[in-house]
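Colleague: Sending over target23.tsv (TSV, N, CA and C atoms).
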```
chain	number	residue	atom	x	y	z
I	102	MET	N	2.05	14.40	12.23
I	102	MET	CA	1.06	15.10	11.43
I	102	MET	C	-0.32	14.65	11.85
I	103	ASN	N	-1.25	15.58	11.89
I	103	ASN	CA	-2.64	15.30	12.22
I	103	ASN	C	-3.23	14.30	11.24
I	104	THR	N	-3.92	13.29	11.75
I	104	THR	CA	-4.48	12.23	10.90
I	104	THR	C	-5.49	12.79	9.91
I	105	LEU	N	-6.37	13.68	10.35
I	105	LEU	CA	-7.36	14.25	9.44
I	105	LEU	C	-6.71	15.09	8.35
I	106	LEU	N	-5.69	15.85	8.72
I	106	LEU	CA	-4.97	16.64	7.74
I	106	LEU	C	-4.27	15.74	6.73
I	107	LEU	N	-3.67	14.66	7.22
I	107	LEU	CA	-3.01	13.70	6.33
I	107	LEU	C	-4.04	13.07	5.39
I	108	GLN	N	-5.21	12.69	5.90
I	108	GLN	CA	-6.23	12.09	5.06
I	108	GLN	C	-6.72	13.07	4.00
I	109	HIS	N	-6.89	14.35	4.38
I	109	HIS	CA	-7.33	15.35	3.40
I	109	HIS	C	-6.28	15.54	2.31
I	110	GLN	N	-5.02	15.66	2.71
I	110	GLN	CA	-3.94	15.82	1.74
I	110	GLN	C	-3.83	14.58	0.84
I	111	MET	N	-3.97	13.40	1.46
I	111	MET	CA	-3.88	12.16	0.69
I	111	MET	C	-5.02	12.09	-0.32
I	112	HIS	N	-6.22	12.50	0.06
I	112	HIS	CA	-7.35	12.48	-0.86
I	112	HIS	C	-7.05	13.38	-2.06
I	113	SER	N	-6.55	14.57	-1.82
I	113	SER	CA	-6.20	15.48	-2.91
I	113	SER	C	-5.13	14.87	-3.82
I	114	ASP	N	-4.11	14.29	-3.21
I	114	ASP	CA	-3.02	13.68	-3.98
I	114	ASP	C	-3.52	12.50	-4.81
I	115	LEU	N	-4.36	11.65	-4.21
I	115	LEU	CA	-4.85	10.47	-4.92
I	115	LEU	C	-5.74	10.86	-6.09
I	116	ILE	N	-6.59	11.84	-5.90
I	116	ILE	CA	-7.46	12.28	-6.99
I	116	ILE	C	-6.63	12.86	-8.12
I	117	GLN	N	-5.56	13.57	-7.80
I	117	GLN	CA	-4.70	14.12	-8.84
I	117	GLN	C	-3.97	13.01	-9.59
I	118	GLN	N	-3.63	11.92	-8.91
I	118	GLN	CA	-2.90	10.83	-9.56
I	118	GLN	C	-3.79	10.02	-10.48
I	119	ILE	N	-5.09	10.00	-10.22
I	119	ILE	CA	-6.04	9.22	-11.02
I	119	ILE	C	-6.92	10.20	-11.78
I	120	SER	N	-7.07	9.99	-13.05
I	120	SER	CA	-7.95	10.84	-13.86
I	120	SER	C	-9.35	10.82	-13.28
I	121	THR	N	-9.95	11.99	-13.18
I	121	THR	CA	-11.30	12.06	-12.61
I	121	THR	C	-12.32	11.41	-13.52
I	122	THR	N	-11.98	11.15	-14.78
I	122	THR	CA	-12.91	10.46	-15.66
I	122	THR	C	-12.78	8.95	-15.54
I	123	SER	N	-11.78	8.50	-14.83
I	123	SER	CA	-11.53	7.07	-14.68
I	123	SER	C	-12.51	6.46	-13.69
I	124	GLN	N	-12.91	5.22	-13.95
I	124	GLN	CA	-13.75	4.50	-13.00
I	124	GLN	C	-13.01	4.28	-11.69
I	125	ALA	N	-11.68	4.25	-11.75
I	125	ALA	CA	-10.89	4.04	-10.53
I	125	ALA	C	-11.07	5.20	-9.56
I	126	ALA	N	-11.31	6.40	-10.07
I	126	ALA	CA	-11.49	7.54	-9.19
I	126	ALA	C	-12.68	7.34	-8.26
I	127	ALA	N	-13.71	6.64	-8.73
I	127	ALA	CA	-14.89	6.38	-7.89
I	127	ALA	C	-14.57	5.43	-6.75
I	128	LEU	N	-13.48	4.69	-6.86
I	128	LEU	CA	-13.09	3.75	-5.80
I	128	LEU	C	-12.34	4.44	-4.66
I	129	ILE	N	-11.98	5.70	-4.85
I	129	ILE	CA	-11.27	6.44	-3.80
I	129	ILE	C	-12.32	7.00	-2.85
I	130	THR	N	-12.77	6.15	-1.96
I	130	THR	CA	-13.80	6.49	-0.99
I	130	THR	C	-13.15	6.98	0.30
I	131	PRO	N	-13.92	7.60	1.19
I	131	PRO	CA	-13.35	8.00	2.48
I	131	PRO	C	-12.73	6.82	3.24
I	132	GLU	N	-13.34	5.63	3.12
I	132	GLU	CA	-12.79	4.46	3.80
I	132	GLU	C	-11.44	4.07	3.22
I	133	VAL	N	-11.32	4.10	1.90
I	133	VAL	CA	-10.04	3.77	1.26
I	133	VAL	C	-8.98	4.78	1.68
I	134	ILE	N	-9.34	6.06	1.73
I	134	ILE	CA	-8.41	7.10	2.17
I	134	ILE	C	-7.98	6.84	3.61
I	135	GLN	N	-8.94	6.53	4.46
I	135	GLN	CA	-8.64	6.28	5.88
I	135	GLN	C	-7.70	5.09	6.03
I	136	HIS	N	-7.99	4.00	5.34
I	136	HIS	CA	-7.16	2.80	5.46
I	136	HIS	C	-5.76	3.05	4.88
I	137	THR	N	-5.70	3.73	3.74
I	137	THR	CA	-4.41	4.02	3.12
I	137	THR	C	-3.56	4.90	4.02
I	138	ALA	N	-4.17	5.92	4.61
I	138	ALA	CA	-3.44	6.82	5.51
I	138	ALA	C	-2.91	6.06	6.72
I	139	ALA	N	-3.72	5.18	7.28
I	139	ALA	CA	-3.30	4.41	8.45
I	139	ALA	C	-2.13	3.48	8.12
I	140	ILE	N	-2.20	2.82	6.97
I	140	ILE	CA	-1.11	1.92	6.55
I	140	ILE	C	0.15	2.72	6.28
I	141	ALA	N	0.01	3.83	5.56
I	141	ALA	CA	1.17	4.67	5.25
I	141	ALA	C	1.82	5.21	6.51
I	142	MET	N	1.00	5.61	7.49
I	142	MET	CA	1.56	6.10	8.75
I	142	MET	C	2.25	4.98	9.52
I	143	ALA	N	1.67	3.79	9.52
I	143	ALA	CA	2.27	2.66	10.25
I	143	ALA	C	3.63	2.29	9.66
I	144	LEU	N	3.75	2.43	8.35
I	144	LEU	CA	5.01	2.05	7.68
I	144	LEU	C	5.88	3.24	7.33
I	145	ASP	N	5.43	4.44	7.67
I	145	ASP	CA	6.12	5.66	7.28
I	145	ASP	C	6.43	5.60	5.79
I	146	GLY	N	5.39	5.24	5.01
I	146	GLY	CA	5.58	4.98	3.59
I	146	GLY	C	5.07	6.07	2.68
I	147	LYS	N	5.51	5.98	1.44
I	147	LYS	CA	5.09	6.89	0.37
I	147	LYS	C	4.04	6.18	-0.46
I	148	VAL	N	2.95	6.88	-0.79
I	148	VAL	CA	1.82	6.28	-1.48
I	148	VAL	C	1.78	6.72	-2.94
I	149	THR	N	1.57	5.75	-3.82
I	149	THR	CA	1.33	6.00	-5.24
I	149	THR	C	0.11	5.18	-5.63
I	150	VAL	N	-0.76	5.77	-6.44
I	150	VAL	CA	-2.00	5.10	-6.82
I	150	VAL	C	-2.07	5.00	-8.34
I	151	TYR	N	-2.53	3.84	-8.80
I	151	TYR	CA	-2.67	3.59	-10.23
I	151	TYR	C	-4.05	3.01	-10.51
I	152	ALA	N	-4.63	3.42	-11.64
I	152	ALA	CA	-5.82	2.73	-12.13
I	152	ALA	C	-5.32	1.45	-12.79
I	153	SER	N	-6.02	0.35	-12.54
I	153	SER	CA	-5.62	-0.93	-13.13
I	153	SER	C	-6.83	-1.55	-13.80
I	154	SER	N	-6.59	-2.62	-14.52
I	154	SER	CA	-7.70	-3.30	-15.20
I	154	SER	C	-8.71	-3.86	-14.20
I	155	SER	N	-8.25	-4.16	-12.98
I	155	SER	CA	-9.16	-4.69	-11.97
I	155	SER	C	-9.78	-3.60	-11.10
I	156	GLY	N	-9.29	-2.37	-11.20
I	156	GLY	CA	-9.83	-1.28	-10.39
I	156	GLY	C	-8.80	-0.28	-9.97
I	157	LEU	N	-8.31	-0.40	-8.74
I	157	LEU	CA	-7.40	0.57	-8.15
I	157	LEU	C	-6.25	-0.14	-7.45
I	158	ASP	N	-5.03	0.23	-7.77
I	158	ASP	CA	-3.84	-0.32	-7.10
I	158	ASP	C	-3.23	0.78	-6.26
I	159	ILE	N	-3.09	0.52	-4.97
I	159	ILE	CA	-2.48	1.47	-4.05
I	159	ILE	C	-1.14	0.88	-3.62
I	160	HIS	N	-0.05	1.54	-4.02
I	160	HIS	CA	1.30	1.10	-3.69
I	160	HIS	C	1.82	1.94	-2.53
I	161	ILE	N	2.29	1.25	-1.50
I	161	ILE	CA	2.86	1.93	-0.33
I	161	ILE	C	4.29	1.45	-0.20
I	162	ASN	N	5.24	2.36	-0.41
I	162	ASN	CA	6.66	2.03	-0.32
I	162	ASN	C	7.15	2.35	1.08
I	163	ALA	N	7.48	1.32	1.83
I	163	ALA	CA	7.97	1.47	3.20
I	163	ALA	C	9.47	1.75	3.19
I	164	ASP	N	10.00	2.06	4.36
I	164	ASP	CA	11.44	2.27	4.49
I	164	ASP	C	12.19	1.02	4.05
I	165	PRO	N	13.40	1.20	3.50
I	165	PRO	CA	14.21	0.04	3.12
I	165	PRO	C	14.41	-0.90	4.31
I	166	ASP	N	14.43	-2.18	3.99
I	166	ASP	CA	14.68	-3.25	4.95
I	166	ASP	C	13.60	-3.39	6.02
I	167	THR	N	12.40	-2.90	5.73
I	167	THR	CA	11.28	-3.17	6.62
I	167	THR	C	10.98	-4.66	6.52
I	168	HIS	N	10.87	-5.31	7.64
I	168	HIS	CA	10.68	-6.76	7.67
I	168	HIS	C	9.35	-7.12	7.00
I	169	PRO	N	9.32	-8.23	6.23
I	169	PRO	CA	8.07	-8.63	5.57
I	169	PRO	C	6.90	-8.81	6.54
I	170	ASP	N	7.17	-9.28	7.74
I	170	ASP	CA	6.09	-9.43	8.73
I	170	ASP	C	5.48	-8.08	9.08
I	171	ALA	N	6.31	-7.03	9.13
I	171	ALA	CA	5.82	-5.69	9.45
I	171	ALA	C	4.88	-5.19	8.36
I	172	LEU	N	5.18	-5.54	7.11
I	172	LEU	CA	4.29	-5.16	6.01
I	172	LEU	C	2.92	-5.82	6.19
I	173	GLN	N	2.94	-7.12	6.49
I	173	GLN	CA	1.68	-7.85	6.70
I	173	GLN	C	0.91	-7.32	7.90
I	174	ILE	N	1.61	-7.07	8.98
I	174	ILE	CA	0.95	-6.59	10.20
I	174	ILE	C	0.28	-5.25	9.94
I	175	ALA	N	0.97	-4.33	9.25
I	175	ALA	CA	0.40	-3.02	8.96
I	175	ALA	C	-0.88	-3.16	8.14
I	176	LEU	N	-0.88	-4.06	7.19
I	176	LEU	CA	-2.08	-4.29	6.38
I	176	LEU	C	-3.19	-4.93	7.20
I	177	LYS	N	-2.87	-5.97	7.95
I	177	LYS	CA	-3.89	-6.69	8.72
I	177	LYS	C	-4.52	-5.81	9.79
I	178	GLN	N	-3.72	-4.93	10.41
I	178	GLN	CA	-4.24	-4.11	11.50
I	178	GLN	C	-5.06	-2.92	11.00
I	179	ASN	N	-4.89	-2.56	9.73
I	179	ASN	CA	-5.54	-1.34	9.24
I	179	ASN	C	-6.58	-1.57	8.15
I	180	LEU	N	-6.85	-2.82	7.85
I	180	LEU	CA	-7.90	-3.14	6.87
I	180	LEU	C	-8.93	-4.03	7.54
I	181	PRO	N	-10.21	-3.63	7.51
I	181	PRO	CA	-11.23	-4.44	8.17
I	181	PRO	C	-11.56	-5.73	7.41
I	182	LEU	N	-11.30	-5.74	6.11
I	182	LEU	CA	-11.65	-6.90	5.29
I	182	LEU	C	-10.45	-7.25	4.43
I	183	ILE	N	-10.07	-8.50	4.44
I	183	ILE	CA	-8.99	-8.97	3.58
I	183	ILE	C	-9.49	-10.20	2.85
I	184	GLU	N	-9.68	-10.05	1.54
I	184	GLU	CA	-10.15	-11.17	0.73
I	184	GLU	C	-9.00	-12.08	0.34
I	185	PHE	N	-7.81	-11.49	0.18
I	185	PHE	CA	-6.65	-12.25	-0.29
I	185	PHE	C	-5.41	-11.53	0.19
I	186	ILE	N	-4.44	-12.28	0.70
I	186	ILE	CA	-3.17	-11.69	1.11
I	186	ILE	C	-2.04	-12.60	0.65
I	187	HIS	N	-0.99	-12.02	0.17
I	187	HIS	CA	0.15	-12.80	-0.32
I	187	HIS	C	1.43	-11.99	-0.13
I	188	SER	N	2.47	-12.63	0.37
I	188	SER	CA	3.78	-12.00	0.54
I	188	SER	C	4.81	-12.75	-0.29
I	189	TRP	N	5.76	-12.02	-0.83
I	189	TRP	CA	6.82	-12.64	-1.61
I	189	TRP	C	8.01	-11.70	-1.72
I	190	GLN	N	9.15	-12.25	-2.13
I	190	GLN	CA	10.33	-11.45	-2.41
I	190	GLN	C	10.54	-11.42	-3.91
I	191	ALA	N	11.05	-10.31	-4.40
I	191	ALA	CA	11.30	-10.16	-5.83
I	191	ALA	C	12.67	-9.55	-6.02
I	192	ASP	N	13.27	-9.86	-7.14
I	192	ASP	CA	14.52	-9.23	-7.53
I	192	ASP	C	14.45	-9.03	-9.04
I	193	ASP	N	14.05	-7.83	-9.44
I	193	ASP	CA	13.87	-7.55	-10.85
I	193	ASP	C	14.42	-6.15	-11.16
I	194	GLN	N	13.83	-5.47	-12.15
I	194	GLN	CA	14.35	-4.16	-12.54
I	194	GLN	C	14.27	-3.14	-11.42
I	195	HIS	N	13.44	-3.40	-10.41
I	195	HIS	CA	13.34	-2.50	-9.26
I	195	HIS	C	14.31	-2.87	-8.14
I	196	GLY	N	15.05	-3.94	-8.33
I	196	GLY	CA	15.99	-4.41	-7.31
I	196	GLY	C	15.32	-5.36	-6.34
I	197	PRO	N	16.09	-5.88	-5.40
I	197	PRO	CA	15.52	-6.81	-4.42
I	197	PRO	C	14.58	-6.09	-3.46
I	198	ARG	N	13.44	-6.73	-3.18
I	198	ARG	CA	12.47	-6.11	-2.28
I	198	ARG	C	11.51	-7.16	-1.72
I	199	ASN	N	10.93	-6.78	-0.60
I	199	ASN	CA	9.85	-7.55	0.01
I	199	ASN	C	8.54	-6.95	-0.47
I	200	ASN	N	7.55	-7.79	-0.72
I	200	ASN	CA	6.24	-7.35	-1.18
I	200	ASN	C	5.15	-8.02	-0.36
I	201	CYS	N	4.08	-7.30	-0.15
I	201	CYS	CA	2.89	-7.88	0.46
I	201	CYS	C	1.68	-7.25	-0.23
I	202	LEU	N	0.80	-8.09	-0.73
I	202	LEU	CA	-0.37	-7.62	-1.46
I	202	LEU	C	-1.64	-8.06	-0.74
I	203	VAL	N	-2.58	-7.14	-0.64
I	203	VAL	CA	-3.91	-7.44	-0.13
I	203	VAL	C	-4.92	-7.02	-1.19
I	204	ARG	N	-5.87	-7.89	-1.46
I	204	ARG	CA	-6.94	-7.56	-2.39
I	204	ARG	C	-8.24	-7.47	-1.63
I	205	ASN	N	-8.94	-6.36	-1.83
I	205	ASN	CA	-10.29	-6.16	-1.30
I	205	ASN	C	-11.17	-5.72	-2.45
I	206	GLY	N	-11.80	-6.67	-3.11
I	206	GLY	CA	-12.61	-6.34	-4.27
I	206	GLY	C	-11.76	-5.70	-5.35
I	207	PRO	N	-12.17	-4.55	-5.86
I	207	PRO	CA	-11.42	-3.91	-6.93
I	207	PRO	C	-10.22	-3.09	-6.44
I	208	VAL	N	-10.01	-3.04	-5.13
I	208	VAL	CA	-8.89	-2.27	-4.58
I	208	VAL	C	-7.80	-3.22	-4.09
I	209	GLN	N	-6.57	-2.99	-4.58
I	209	GLN	CA	-5.41	-3.78	-4.14
I	209	GLN	C	-4.45	-2.85	-3.41
I	210	TYR	N	-3.98	-3.29	-2.25
I	210	TYR	CA	-2.95	-2.58	-1.49
I	210	TYR	C	-1.67	-3.38	-1.64
I	211	ILE	N	-0.62	-2.74	-2.13
I	211	ILE	CA	0.66	-3.43	-2.33
I	211	ILE	C	1.72	-2.67	-1.55
I	212	CYS	N	2.25	-3.31	-0.52
I	212	CYS	CA	3.32	-2.72	0.28
I	212	CYS	C	4.65	-3.32	-0.16
I	213	THR	N	5.64	-2.46	-0.32
I	213	THR	CA	6.96	-2.93	-0.71
I	213	THR	C	8.02	-2.28	0.17
I	214	SER	N	9.14	-2.97	0.26
I	214	SER	CA	10.29	-2.46	1.01
I	214	SER	C	11.55	-2.96	0.31
I	215	ALA	N	12.40	-2.03	-0.08
I	215	ALA	CA	13.65	-2.42	-0.72
I	215	ALA	C	14.53	-3.19	0.26
I	216	ILE	N	15.25	-4.16	-0.26
I	216	ILE	CA	16.20	-4.92	0.55
I	216	ILE	C	17.59	-4.39	0.23
I	217	THR	N	18.20	-3.74	1.22
I	217	THR	CA	19.52	-3.15	0.98
I	217	THR	C	20.65	-3.94	1.64
I	218	CYS	N	20.30	-4.76	2.63
I	218	CYS	CA	21.31	-5.58	3.26
I	218	CYS	C	20.75	-7.00	3.41
I	219	PRO	N	21.60	-8.00	3.31
I	219	PRO	CA	21.11	-9.37	3.40
I	219	PRO	C	20.55	-9.67	4.78
I	220	ALA	N	19.52	-10.48	4.80
I	220	ALA	CA	18.92	-10.89	6.07
I	220	ALA	C	19.90	-11.79	6.80
I	221	THR	N	19.91	-11.67	8.10
I	221	THR	CA	20.78	-12.53	8.90
I	221	THR	C	19.93	-13.59	9.56
I	222	GLU	N	20.46	-14.76	9.61
I	222	GLU	CA	19.77	-15.88	10.25
I	222	GLU	C	19.99	-15.80	11.76
I	223	PRO	N	18.97	-16.13	12.55
I	223	PRO	CA	19.16	-16.14	14.00
I	223	PRO	C	20.25	-17.14	14.40
I	224	ALA	N	21.00	-16.78	15.40
I	224	ALA	CA	22.11	-17.64	15.85
I	224	ALA	C	21.62	-18.88	16.56
```
Could you render the structure from this file as structure tokens?
Modeller:
Amino acid sequence: MNTLLLQHQMHSDLIQQISTTSQAAALITPEVIQHTAAIAMALDGKVTVYASSSGLDIHINADPDTHPDALQIALKQNLPLIEFIHSWQADDQHGPRNNCLVRNGPVQYICTSAITCPATEPA
């Protein structure tokens, strides 16, 4: 898919997901759209956006069993500024998954990948 077309569609989708009266809607800048589209394309992920108490949370769900390093690499390669980055595994009501969070001011990018098969240790 054409990157500009994807960015335009993503902008429309993100604005629809966030109330236009919300302060979070003002955080959906062309740069945020560009970075989100690049990360989503790198991970072939689905994007969901939420207004949060701190600003804007952008969730990118990658394919199941995407390696945690791949989540970090996609974020590091597609964001010019990273104030905080943290990776962890979780097993809760959403099931087992890998997570990687990046905070850039009021915008947080959270990449997740479901774990469907146990990791194997190198021989």
Colleague: So that I can check the surroundings of segment 183-194 of chain I, please list as a PyMOL selection string every protein, DNA and RNA residue that reaches within 8 Å of it, counting only N, CA and C atoms and ignoring chain neighbours fewer than 6 positions away.
Modeller: chain I and resi 169+173+176-177+200-206
Colleague: Select all residues near (-9.6, 2.3, -12.5) (cut-off 5 Å, inclusive, file coordinates), counting all atoms listed in the file, and output them as a list of chain:residue names.
Modeller: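 Residues lying no farther than 5 Å from the given point: I:Gln124, I:Ala125, I:Ala152, I:Ser153, I:Gly156, I:Leu157.
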Colleague: Take atom N of Thr167 of chain I and atom CA of Ser214 of chain I and report the distance between them in Å, one decimal.
Modeller: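 These two atoms are separated by 5.2 Å.
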Colleague: Could you jot down the atom CA of Ser155 of chain I to atom CA of Pro207 of chain I separation for me, Å, one decimal place?
Modeller: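 Between these atoms lies a distance of 5.6 Å.
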Colleague: Tell me which protein, DNA and RNA residues are within 6.5 Å of segment 160-164 of chain I, counting all atoms listed in the file, leaving out same-chain ones fewer than 5 positions away, and put them as a list in words.
Modeller: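 Listing them by chain and then by number gives Ala141, Leu144, Asp145, Gly146, Lys147, Val148, Thr149, Val150, Tyr151, Gln209, Tyr210, Ile211, Cys212, Thr213, Ser214 and Ala215 of chain I.
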Colleague: Would you return as a PyMOL selection string the members of segment 119-156 of chain I that DSSP assigns to strand (DSSP E or B) on this structure's backbone?
Modeller: chain I and resi 147-153+156
Colleague: Could you extract segment 159-169 of chain I of the given structure into a file holding all heavy atoms, as an mmCIF file, in the first residue's frame?
Modeller:
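Written output follows (decode35.cif):
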```
data_model
loop_
_atom_site.group_PDB
_atom_site.id
_atom_site.type_symbol
_atom_site.label_atom_id
_atom_site.label_comp_id
_atom_site.auth_asym_id
_atom_site.auth_seq_id
_atom_site.Cartn_x
_atom_site.Cartn_y
_atom_site.Cartn_z
ATOM 1 N N ILE I 159 -0.982 5.126 21.716
ATOM 2 C CA ILE I 159 -1.088 4.482 20.412
ATOM 3 C C ILE I 159 -0.662 3.031 20.590
ATOM 4 O O ILE I 159 0.499 2.758 20.895
ATOM 5 C CB ILE I 159 -0.216 5.190 19.364
ATOM 6 C CG1 ILE I 159 -0.667 6.646 19.220
ATOM 7 C CG2 ILE I 159 -0.267 4.449 18.035
ATOM 8 C CD1 ILE I 159 0.213 7.492 18.332
ATOM 9 N N HIS I 160 -1.612 2.107 20.417
ATOM 10 C CA HIS I 160 -1.345 0.682 20.552
ATOM 11 C C HIS I 160 -1.190 0.080 19.164
ATOM 12 O O HIS I 160 -2.045 0.269 18.302
ATOM 13 C CB HIS I 160 -2.494 -0.025 21.280
ATOM 14 C CG HIS I 160 -2.626 0.378 22.707
ATOM 15 N ND1 HIS I 160 -2.229 -0.429 23.728
ATOM 16 C CD2 HIS I 160 -3.094 1.506 23.275
ATOM 17 C CE1 HIS I 160 -2.450 0.186 24.879
ATOM 18 N NE2 HIS I 160 -2.977 1.363 24.625
ATOM 19 N N ILE I 161 -0.090 -0.635 18.972
ATOM 20 C CA ILE I 161 0.167 -1.309 17.704
ATOM 21 C C ILE I 161 0.299 -2.792 18.002
ATOM 22 O O ILE I 161 1.225 -3.208 18.700
ATOM 23 C CB ILE I 161 1.434 -0.761 17.023
ATOM 24 C CG1 ILE I 161 1.273 0.746 16.792
ATOM 25 C CG2 ILE I 161 1.708 -1.512 15.721
ATOM 26 C CD1 ILE I 161 2.533 1.472 16.442
ATOM 27 N N ASN I 162 -0.659 -3.575 17.511
ATOM 28 C CA ASN I 162 -0.654 -5.024 17.734
ATOM 29 C C ASN I 162 0.023 -5.702 16.557
ATOM 30 O O ASN I 162 -0.504 -5.696 15.439
ATOM 31 C CB ASN I 162 -2.084 -5.546 17.904
ATOM 32 C CG ASN I 162 -2.711 -5.028 19.174
ATOM 33 O OD1 ASN I 162 -2.086 -5.061 20.227
ATOM 34 N ND2 ASN I 162 -3.919 -4.518 19.076
ATOM 35 N N ALA I 163 1.183 -6.269 16.809
ATOM 36 C CA ALA I 163 1.956 -6.963 15.779
ATOM 37 C C ALA I 163 1.458 -8.393 15.627
ATOM 38 O O ALA I 163 0.647 -8.876 16.423
ATOM 39 C CB ALA I 163 3.436 -6.956 16.160
ATOM 40 N N ASP I 164 1.977 -9.071 14.623
ATOM 41 C CA ASP I 164 1.634 -10.478 14.419
ATOM 42 C C ASP I 164 2.017 -11.284 15.654
ATOM 43 O O ASP I 164 2.988 -10.961 16.341
ATOM 44 C CB ASP I 164 2.397 -11.048 13.212
ATOM 45 C CG ASP I 164 1.855 -10.535 11.889
ATOM 46 O OD1 ASP I 164 0.677 -10.147 11.836
ATOM 47 O OD2 ASP I 164 2.630 -10.515 10.915
ATOM 48 N N PRO I 165 1.258 -12.358 15.937
ATOM 49 C CA PRO I 165 1.615 -13.221 17.069
ATOM 50 C C PRO I 165 3.055 -13.721 16.949
ATOM 51 O O PRO I 165 3.558 -13.961 15.846
ATOM 52 C CB PRO I 165 0.627 -14.381 16.957
ATOM 53 C CG PRO I 165 -0.547 -13.804 16.243
ATOM 54 C CD PRO I 165 0.042 -12.808 15.264
ATOM 55 N N ASP I 166 3.682 -13.840 18.102
ATOM 56 C CA ASP I 166 5.038 -14.365 18.227
ATOM 57 C C ASP I 166 6.109 -13.501 17.569
ATOM 58 O O ASP I 166 7.205 -13.974 17.286
ATOM 59 C CB ASP I 166 5.124 -15.817 17.733
ATOM 60 C CG ASP I 166 4.247 -16.734 18.553
ATOM 61 O OD1 ASP I 166 4.277 -16.634 19.802
ATOM 62 O OD2 ASP I 166 3.494 -17.536 17.964
ATOM 63 N N THR I 167 5.814 -12.231 17.372
ATOM 64 C CA THR I 167 6.856 -11.305 16.928
ATOM 65 C C THR I 167 7.849 -11.167 18.075
ATOM 66 O O THR I 167 7.466 -10.930 19.219
ATOM 67 C CB THR I 167 6.256 -9.927 16.573
ATOM 68 O OG1 THR I 167 5.330 -10.091 15.500
ATOM 69 C CG2 THR I 167 7.346 -8.939 16.168
ATOM 70 N N HIS I 168 9.106 -11.331 17.777
ATOM 71 C CA HIS I 168 10.143 -11.310 18.810
ATOM 72 C C HIS I 168 10.175 -9.943 19.491
ATOM 73 O O HIS I 168 10.020 -8.907 18.831
ATOM 74 C CB HIS I 168 11.505 -11.618 18.187
ATOM 75 C CG HIS I 168 12.550 -11.975 19.194
ATOM 76 N ND1 HIS I 168 13.248 -11.007 19.888
ATOM 77 C CD2 HIS I 168 12.984 -13.169 19.635
ATOM 78 C CE1 HIS I 168 14.090 -11.610 20.706
ATOM 79 N NE2 HIS I 168 13.949 -12.924 20.579
ATOM 80 N N PRO I 169 10.385 -9.907 20.819
ATOM 81 C CA PRO I 169 10.433 -8.620 21.524
ATOM 82 C C PRO I 169 11.474 -7.655 20.958
ATOM 83 O O PRO I 169 11.254 -6.444 20.943
ATOM 84 C CB PRO I 169 10.778 -8.994 22.967
ATOM 85 C CG PRO I 169 10.597 -10.456 23.086
ATOM 86 C CD PRO I 169 10.560 -11.041 21.711
#
```
